[in-house]
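**Student:** Coordinates in start38.txt, compact mmCIF, C-alpha atoms, are listed below.
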# COMPACT_ATOMS: atom_id res chain seq x y z
CA MET Z 1 101.45 109.58 123.46
CA THR Z 2 102.85 112.32 121.21
CA ILE Z 3 101.82 112.80 117.59
CA GLU Z 4 105.21 111.57 116.33
CA ILE Z 5 105.09 108.44 118.50
CA LYS Z 6 101.57 107.73 117.27
CA ARG Z 7 102.78 108.14 113.69
CA LEU Z 8 105.70 105.75 114.22
CA ALA Z 9 103.41 103.23 115.88
CA MET Z 10 101.08 103.40 112.89
CA LEU Z 11 103.95 102.86 110.45
CA PHE Z 12 105.36 99.91 112.39
CA GLY Z 13 101.82 98.53 112.50
CA LEU Z 14 101.67 98.85 108.73
CA ALA Z 15 104.89 96.90 108.34
CA ALA Z 16 103.53 94.17 110.62
CA CYS Z 17 100.29 94.02 108.65
CA PHE Z 18 102.06 93.39 105.36
CA SER Z 19 104.83 91.17 106.68
CA SER Z 20 102.22 88.48 107.31
CA GLY Z 21 100.24 87.07 104.44
CA THR Z 22 102.33 88.43 101.55
CA GLN Z 23 104.02 85.08 100.81
CA MET Z 24 101.10 84.28 98.53
CA PHE Z 25 102.30 86.96 96.12
CA ALA Z 26 105.99 86.05 95.75
CA ALA Z 27 106.96 82.72 97.22
CA ASP Z 28 110.67 83.18 96.51
CA GLY Z 29 110.73 86.83 97.55
CA SER Z 30 112.09 87.89 94.15
CA ALA Z 31 111.18 91.15 92.47
CA PRO Z 32 108.32 90.70 89.98
CA THR Z 33 108.99 91.32 86.29
CA ASN Z 34 105.44 92.44 85.57
CA PRO Z 35 103.93 93.62 88.86
CA THR Z 36 100.19 94.05 89.11
CA PRO Z 37 99.34 97.76 89.28
CA ILE Z 38 96.93 98.83 92.03
CA LEU Z 39 95.66 102.41 92.15
CA VAL Z 40 95.41 103.80 95.69
CA GLU Z 41 93.62 107.14 96.04
CA LEU Z 42 93.52 109.12 99.26
CA PHE Z 43 91.01 111.95 99.62
CA THR Z 44 92.47 114.27 102.22
CA SER Z 45 92.63 117.87 103.42
CA GLU Z 46 94.91 120.09 105.48
CA GLY Z 47 91.78 121.30 107.30
CA CYS Z 48 91.07 117.81 108.67
CA SER Z 49 92.72 116.82 111.98
CA THR Z 50 92.43 113.06 111.28
CA CYS Z 51 94.07 113.28 107.85
CA PRO Z 52 97.80 113.48 108.72
CA PRO Z 53 97.99 109.80 109.79
CA ALA Z 54 96.35 108.83 106.49
CA ASP Z 55 98.81 111.03 104.58
CA ALA Z 56 101.63 109.23 106.39
CA LEU Z 57 100.15 105.83 105.53
CA LEU Z 58 99.97 106.75 101.83
CA GLN Z 59 103.60 107.89 101.89
CA GLN Z 60 104.60 104.61 103.52
CA LEU Z 61 102.75 102.54 100.92
CA ASP Z 62 104.46 104.49 98.14
CA ALA Z 63 107.95 104.32 99.65
CA THR Z 64 108.02 100.71 100.87
CA GLN Z 65 105.82 98.97 98.25
CA PRO Z 66 104.99 96.31 100.86
CA MET Z 67 103.22 93.82 98.55
CA PRO Z 68 105.54 91.59 96.49
CA GLY Z 69 104.12 91.14 93.02
CA ALA Z 70 102.22 94.45 93.08
CA GLN Z 71 103.01 98.05 92.18
CA LEU Z 72 101.05 100.44 94.37
CA ILE Z 73 100.37 103.61 92.36
CA VAL Z 74 99.27 106.20 94.89
CA LEU Z 75 97.49 109.53 94.45
CA SER Z 76 96.91 112.17 97.13
CA GLU Z 77 93.73 114.08 96.24
CA HIS Z 78 93.01 117.20 98.28
CA VAL Z 79 89.35 118.17 98.49
CA ASN Z 80 88.23 121.78 98.92
CA TYR Z 81 85.11 121.45 101.11
CA TRP Z 82 87.13 122.02 104.30
CA ASP Z 83 88.66 125.27 103.00
CA HIS Z 84 86.09 127.53 104.70
CA LEU Z 85 86.87 126.27 108.20
CA GLY Z 86 89.88 128.44 109.00
CA TRP Z 87 92.54 127.16 106.61
CA LYS Z 88 92.58 126.94 102.80
CA ASP Z 89 94.44 123.85 101.64
CA PRO Z 90 96.85 125.10 98.92
CA TYR Z 91 96.63 121.76 97.10
CA SER Z 92 92.83 121.48 97.10
CA SER Z 93 90.63 121.55 94.02
CA SER Z 94 86.98 121.27 93.05
CA LEU Z 95 87.98 118.63 90.47
CA VAL Z 96 89.03 116.29 93.25
CA THR Z 97 85.93 117.12 95.29
CA ASP Z 98 83.75 116.20 92.31
CA ARG Z 99 85.65 112.94 91.82
CA GLN Z 100 85.11 111.97 95.44
CA ALA Z 101 81.42 112.86 95.19
CA ALA Z 102 81.13 110.46 92.26
CA TYR Z 103 82.70 107.75 94.43
CA ALA Z 104 80.27 108.53 97.26
CA ASN Z 105 77.40 107.96 94.84
CA HIS Z 106 79.03 104.79 93.48
CA PHE Z 107 79.50 103.29 96.95
CA GLY Z 108 76.09 104.44 98.20
CA LEU Z 109 77.49 106.72 100.91
CA ALA Z 110 75.41 109.45 102.52
CA SER Z 111 78.19 111.98 101.88
CA SER Z 112 81.88 112.41 101.20
CA TYR Z 113 84.35 112.38 104.10
CA THR Z 114 88.05 112.64 104.86
CA PRO Z 115 90.32 110.84 105.11
CA GLU Z 116 88.93 108.33 102.61
CA MET Z 117 91.07 105.77 100.81
CA VAL Z 118 89.79 104.14 97.61
CA VAL Z 119 91.60 101.09 96.22
CA ASP Z 120 91.22 100.34 92.51
CA GLY Z 121 87.78 101.95 92.52
CA THR Z 122 86.38 98.82 94.20
CA ALA Z 123 86.80 99.43 97.94
CA GLU Z 124 86.62 102.49 100.19
CA PHE Z 125 87.39 102.89 103.89
CA VAL Z 126 88.74 105.33 106.47
CA GLY Z 127 92.15 106.18 105.07
CA ASN Z 128 94.24 105.90 108.23
CA ASN Z 129 93.52 102.20 108.83
CA PRO Z 130 96.44 99.95 107.74
CA GLN Z 131 94.50 96.72 108.30
CA LEU Z 132 91.65 97.78 106.02
CA ALA Z 133 94.22 98.92 103.47
CA LYS Z 134 95.88 95.50 103.56
CA GLN Z 135 92.57 93.71 103.04
CA ALA Z 136 91.58 95.94 100.10
CA LEU Z 137 95.00 95.63 98.44
CA GLU Z 138 95.06 91.85 98.75
CA LYS Z 139 91.65 91.65 97.09
CA ALA Z 140 92.57 94.10 94.33
CA PHE Z 141 95.73 92.11 93.56
CA HIS Z 142 93.66 89.33 92.00
CA ASN Z 143 91.63 91.53 89.65
CA ALA Z 144 92.39 91.21 85.93
CA LYS Z 145 94.13 94.25 84.45
CA SER Z 146 94.86 95.60 80.97
CA PRO Z 147 98.51 96.51 80.37
CA VAL Z 148 99.04 100.28 80.24
CA ARG Z 149 102.26 102.00 79.16
CA ILE Z 150 103.53 105.59 79.24
CA SER Z 151 106.46 106.52 77.01
CA SER Z 152 108.00 109.46 75.13
CA LEU Z 153 107.33 111.63 78.15
CA SER Z 154 108.77 115.13 77.70
CA LEU Z 155 108.29 118.84 78.15
CA VAL Z 156 107.26 120.15 74.72
CA ALA Z 157 106.74 123.77 75.72
CA PRO Z 158 106.74 125.83 78.92
CA GLY Z 159 103.74 124.59 80.86
CA LYS Z 160 103.00 121.61 78.63
CA VAL Z 161 103.98 117.93 78.97
CA SER Z 162 103.60 115.36 76.21
CA ALA Z 163 103.24 111.59 76.68
CA TYR Z 164 102.56 108.57 74.50
CA VAL Z 165 99.94 106.43 76.25
CA GLU Z 166 99.10 102.87 75.24
CA ALA Z 167 96.47 100.52 76.65
CA GLU Z 168 95.64 96.99 75.56
CA PRO Z 169 91.98 95.96 75.08
CA LEU Z 170 90.05 95.31 78.28
CA PRO Z 171 90.35 91.73 79.56
CA ALA Z 172 87.56 89.39 78.52
CA SER Z 173 86.73 88.86 82.19
CA ALA Z 174 86.10 92.58 82.77
CA LYS Z 175 82.56 93.24 84.00
CA VAL Z 176 82.31 96.41 81.90
CA SER Z 177 82.32 96.78 78.13
CA ALA Z 178 84.27 100.04 77.93
CA ALA Z 179 86.49 102.31 80.01
CA ASP Z 180 87.74 105.88 79.98
CA ILE Z 181 91.47 106.57 79.92
CA TYR Z 182 92.80 109.26 82.27
CA LEU Z 183 96.15 110.98 82.56
CA VAL Z 184 97.14 112.44 85.93
CA VAL Z 185 99.93 114.89 86.68
CA ALA Z 186 101.05 114.83 90.33
CA LEU Z 187 103.81 116.24 92.52
CA ASN Z 188 106.14 113.54 93.84
CA HIS Z 189 106.52 115.43 97.11
CA ALA Z 190 104.82 118.45 98.64
CA ASP Z 191 104.67 120.05 102.05
CA SER Z 192 102.91 122.83 103.92
CA GLN Z 193 103.18 124.75 107.17
CA VAL Z 194 99.62 125.02 108.45
CA GLU Z 195 98.99 128.31 110.24
CA ARG Z 196 95.31 128.02 111.13
CA GLY Z 197 92.51 125.49 111.50
CA GLU Z 198 92.50 122.01 113.02
CA ASN Z 199 96.14 121.31 112.10
CA LYS Z 200 97.47 124.71 113.21
CA GLY Z 201 101.22 124.69 113.84
CA ARG Z 202 101.90 121.43 112.01
CA HIS Z 203 104.29 120.91 109.13
CA LEU Z 204 102.59 118.40 106.82
CA THR Z 205 104.15 116.38 104.01
CA TYR Z 206 102.57 114.51 101.09
CA VAL Z 207 103.31 112.21 98.18
CA ALA Z 208 101.81 112.15 94.66
CA VAL Z 209 99.69 115.28 95.10
CA VAL Z 210 97.27 115.48 92.17
CA GLN Z 211 97.56 118.62 90.04
CA SER Z 212 95.30 117.57 87.16
CA ILE Z 213 93.19 114.63 85.96
CA THR Z 214 92.46 114.64 82.22
CA LYS Z 215 90.33 112.21 80.24
CA ILE Z 216 92.32 111.40 77.09
CA GLY Z 217 90.20 108.72 75.41
CA THR Z 218 88.21 105.50 75.73
CA THR Z 219 88.83 101.82 75.08
CA ASP Z 220 86.90 98.54 75.14
CA LYS Z 221 87.40 94.79 74.82
CA ASN Z 222 88.04 94.96 71.08
CA GLN Z 223 90.37 97.89 70.53
CA ARG Z 224 93.85 98.92 71.58
CA PHE Z 225 94.43 102.54 72.57
CA ALA Z 226 97.58 104.39 71.50
CA LYS Z 227 97.87 108.17 71.41
CA GLN Z 228 100.34 111.01 71.90
CA VAL Z 229 98.70 113.47 74.28
CA GLU Z 230 99.59 116.84 75.79
CA VAL Z 231 98.53 118.18 79.17
CA LYS Z 232 99.13 121.53 80.81
CA ILE Z 233 101.21 121.99 83.93
CA ASP Z 234 102.14 125.01 86.01
CA PRO Z 235 105.15 126.52 84.14
CA SER Z 236 106.93 127.07 87.46
CA THR Z 237 106.76 123.38 88.41
CA ASP Z 238 110.05 121.62 89.11
CA LEU Z 239 110.00 118.81 86.53
CA SER Z 240 112.11 116.59 88.76
CA ASN Z 241 109.21 116.64 91.21
CA LEU Z 242 106.58 115.35 88.76
CA ARG Z 243 105.06 111.94 88.16
CA VAL Z 244 102.52 111.04 85.50
CA VAL Z 245 99.90 108.33 85.99
CA ALA Z 246 97.57 106.80 83.41
CA PHE Z 247 94.65 104.58 84.37
CA LEU Z 248 91.55 102.95 82.88
CA GLN Z 249 88.21 103.32 84.65
CA PRO Z 250 84.61 103.15 83.44
CA TYR Z 251 82.35 106.15 83.92
CA GLY Z 252 80.51 106.19 87.22
CA PRO Z 253 83.23 105.64 88.45
CA GLY Z 254 83.89 101.92 88.42
CA PRO Z 255 86.77 99.50 88.95
CA VAL Z 256 90.23 100.52 87.77
CA ILE Z 257 91.16 98.05 85.02
CA GLY Z 258 94.75 99.11 84.38
CA ALA Z 259 97.31 101.70 85.44
CA ALA Z 260 100.89 102.84 84.91
CA MET Z 261 103.22 105.49 86.28
CA ALA Z 262 106.23 107.35 84.85
CA ALA Z 263 108.50 110.27 85.73
CA VAL Z 264 109.52 113.12 83.45
CA PRO Z 265 113.02 112.14 82.21
CA GLY Z 266 115.88 114.20 83.60
CA ALA Z 267 117.04 115.00 80.11
CA VAL Z 268 114.23 117.49 79.58
CA GLN Z 269 114.62 119.29 82.87
CA ASN Z 270 117.03 121.88 81.48
CA ILE Z 271 114.67 123.17 78.80
CA SER Z 272 114.55 126.94 79.30
CA LYS Z 273 111.25 128.55 80.22
Represent the structure contained in this file as structure tokens.
**Tutor:**
Amino acid sequence: MTIEIKRLAMLFGLAACFSSGTQMFAADGSAPTNPTPILVELFTSEGCSTCPPADALLQQLDATQPMPGAQLIVLSEHVNYWDHLGWKDPYSSSLVTDRQAAYANHFGLASSYTPEMVVDGTAEFVGNNPQLAKQALEKAFHNAKSPVRISSLSLVAPGKVSAYVEAEPLPASAKVSAADIYLVVALNHADSQVERGENKGRHLTYVAVVQSITKIGTTDKNQRFAKQVEVKIDPSTDLSNLRVVAFLQPYGPGPVIGAAMAAVPGAVQNISK
């Protein structure tokens, strides 16, 4: 079986997984007015031969949004601990590696690994398994969330994006008393021609590739968060290829208690650099 056939089989398997059991989320099949956000993080690397199927699964989740009543907010996070094995992943960062290490400690794992998918900070599993993804997403769907909003998103200077981020107080049912608020800048789409290492000769594609994760504040069960924030981006970045994600998560890390996603409006894309 060729790589492409395997990939298609995995994607059709994903569709089959979600076509059964989703009636519980939208009985009439209508589009939800206030979908439940679910943060899906994939820790991956171009130096890992088992990662491309997981990358494809994440792209499929993002593109098809297979769960009625939910908004899957995906992030592709490229670790750097494979970079010494013949191929340096151009999208890798130590920031992402540190974030995954914190998850390994949180989940009691012996070490980090790729591909690893983490859903809402509450479940982790091998990231190329559609069935485990379905189970984790269905469970996360029922968790209480705080509404999060991103507005007034614009380029305020070359290499700097501004956004107004709002978050309602944590739900009374939340098992934590406070949460940090993070703002993520990610590339909508990215690709790479791998010339060495385990994936030598392959052209790989990705969605929502994390460029930065910035803590912008904290909130709790008694206060509402609202703040205009600025984050740096690469000045050469194509603004039409950017998405911004905000999410709430206690230090540790813990369960994601709210999330939102927005794109940089087209109106600001012609600002001269």
**Student:** When you count only C-alpha atoms, which of these residues is closest to Met67 of chain Z: Z:Tyr103, Z:Phe225, Z:Tyr182, Z:Phe141?
**Tutor:**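 Residue with the minimum atom-to-atom distance to Met67 of chain Z: Z:Phe141.
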**Student:** Could you jot down the atom CA of Leu242 of chain Z to atom CA of Gly47 of chain Z separation for me, Å, one decimal place?
**Tutor:**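 Going from atom CA of Leu242 of chain Z over to atom CA of Gly47 of chain Z, I get 24.5 Å.
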**Student:** Fewer than 2 positions away in the same chain doesn't count, so skip those; otherwise give me all residues within 6 Å of segment 153-170 of chain Z, counting all atoms listed in the file, as a list in words.
**Tutor:** Ser146, Pro147, Val148, Arg149, Ile150, Ser151, Asp220, Lys221, Asn222, Gln223, Arg224, Phe225, Ala226, Lys227, Gln228, Val229, Glu230, Val231, Lys232, Ile233, Asp234, Pro235, Val264 and Lys273 of chain Z
**Student:** Quick one: of Z:Ile181, Z:Ala70, Z:Ala190, Z:Val79, who's nearest to Asn34 of chain Z, counting all atoms listed in the file?
**Tutor:** Z:Ala70
**Student:** To one decimal place, how far is atom CA of Ser192 of chain Z from atom CA of Pro115 of chain Z in Å?
**Tutor:**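 So the two atoms, atom CA of Ser192 of chain Z and atom CA of Pro115 of chain Z, lie 17.4 Å apart.
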**Student:** Could you check the closest approach to Lys175 of chain Z for each of Z:Val194, Z:Val119, Z:Leu204, Z:Val256 and tell me which residue wins, using only C-alpha atoms?
**Tutor:**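 Closest residue, counting only C-alpha atoms: Z:Val256.
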**Student:** Just the residues within 6 Å of His78 of chain Z, please, counting only C-alpha atoms, with nothing from its chain fewer than 5 positions along; format it as a PyMOL selection string.
**Tutor:** chain Z and resi 43-45+91-92
**Student:** Using all atoms listed in the file, which of Z:Val245, Z:Ala174, Z:Leu95, Z:Ala136 sits nearest Ala208 of chain Z?
**Tutor:**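 Ranking Z:Val245, Z:Ala174, Z:Leu95, Z:Ala136 by distance to Ala208 of chain Z, first place goes to Z:Val245.
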**Student:** Do you have the atom CA of Ile213 of chain Z-atom CA of Leu183 of chain Z distance handy?
**Tutor:**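 Atom CA of Leu183 of chain Z lies at a distance of 5.8 Å from atom CA of Ile213 of chain Z.
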**Student:** For a cutoff of 12 Å around the file-coordinate point (105.1, 113.5, 88.9), which residues qualify once you count all atoms listed in the file? I'd like the result as number ranges by chain.
**Tutor:** Z: 73-76, 153-154, 161, 183-190, 207-212, 233, 237-246, 261-265
**Student:** Out of Z:Gly201, Z:Gly69, Z:Gly121, Z:Pro53, which residue has the shortest atom-to-atom distance to Gly254 of chain Z when counting all atoms listed in the file?
**Tutor:**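 Using all atoms listed in the file, the shortest distance to Gly254 of chain Z belongs to Z:Gly121.
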**Student:** Which residue, Z:Thr97, Z:Ser173, Z:Asn143, Z:Asn80, has the smallest gap to Thr122 of chain Z when you use only C-alpha atoms?
**Tutor:**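 Among the listed residues, Z:Asn143 lies closest to Thr122 of chain Z.
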**Student:** Counting only C-alpha atoms, select every polymer residue within 10 Å of (91.9, 118.9, 110.7) as defined in the file's coordinates, and provide the selection as a PDB file with C-alpha atoms, keeping the file's coordinate frame.
**Tutor:**
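Below you can see part14.pdb, which holds the result:
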ATOM      1  CA  THR Z  44      92.470 114.270 102.220  1.00  0.00           C
ATOM      2  CA  SER Z  45      92.630 117.870 103.420  1.00  0.00           C
ATOM      3  CA  GLU Z  46      94.910 120.090 105.480  1.00  0.00           C
ATOM      4  CA  GLY Z  47      91.780 121.300 107.300  1.00  0.00           C
ATOM      5  CA  CYS Z  48      91.070 117.810 108.670  1.00  0.00           C
ATOM      6  CA  SER Z  49      92.720 116.820 111.980  1.00  0.00           C
ATOM      7  CA  THR Z  50      92.430 113.060 111.280  1.00  0.00           C
ATOM      8  CA  CYS Z  51      94.070 113.280 107.850  1.00  0.00           C
ATOM      9  CA  PRO Z  52      97.800 113.480 108.720  1.00  0.00           C
ATOM     10  CA  TRP Z  82      87.130 122.020 104.300  1.00  0.00           C
ATOM     11  CA  LEU Z  85      86.870 126.270 108.200  1.00  0.00           C
ATOM     12  CA  GLY Z  86      89.880 128.440 109.000  1.00  0.00           C
ATOM     13  CA  TRP Z  87      92.540 127.160 106.610  1.00  0.00           C
ATOM     14  CA  THR Z 114      88.050 112.640 104.860  1.00  0.00           C
ATOM     15  CA  PRO Z 115      90.320 110.840 105.110  1.00  0.00           C
ATOM     16  CA  ARG Z 196      95.310 128.020 111.130  1.00  0.00           C
ATOM     17  CA  GLY Z 197      92.510 125.490 111.500  1.00  0.00           C
ATOM     18  CA  GLU Z 198      92.500 122.010 113.020  1.00  0.00           C
ATOM     19  CA  ASN Z 199      96.140 121.310 112.100  1.00  0.00           C
ATOM     20  CA  LYS Z 200      97.470 124.710 113.210  1.00  0.00           C
TER      21      LYS Z 200
END
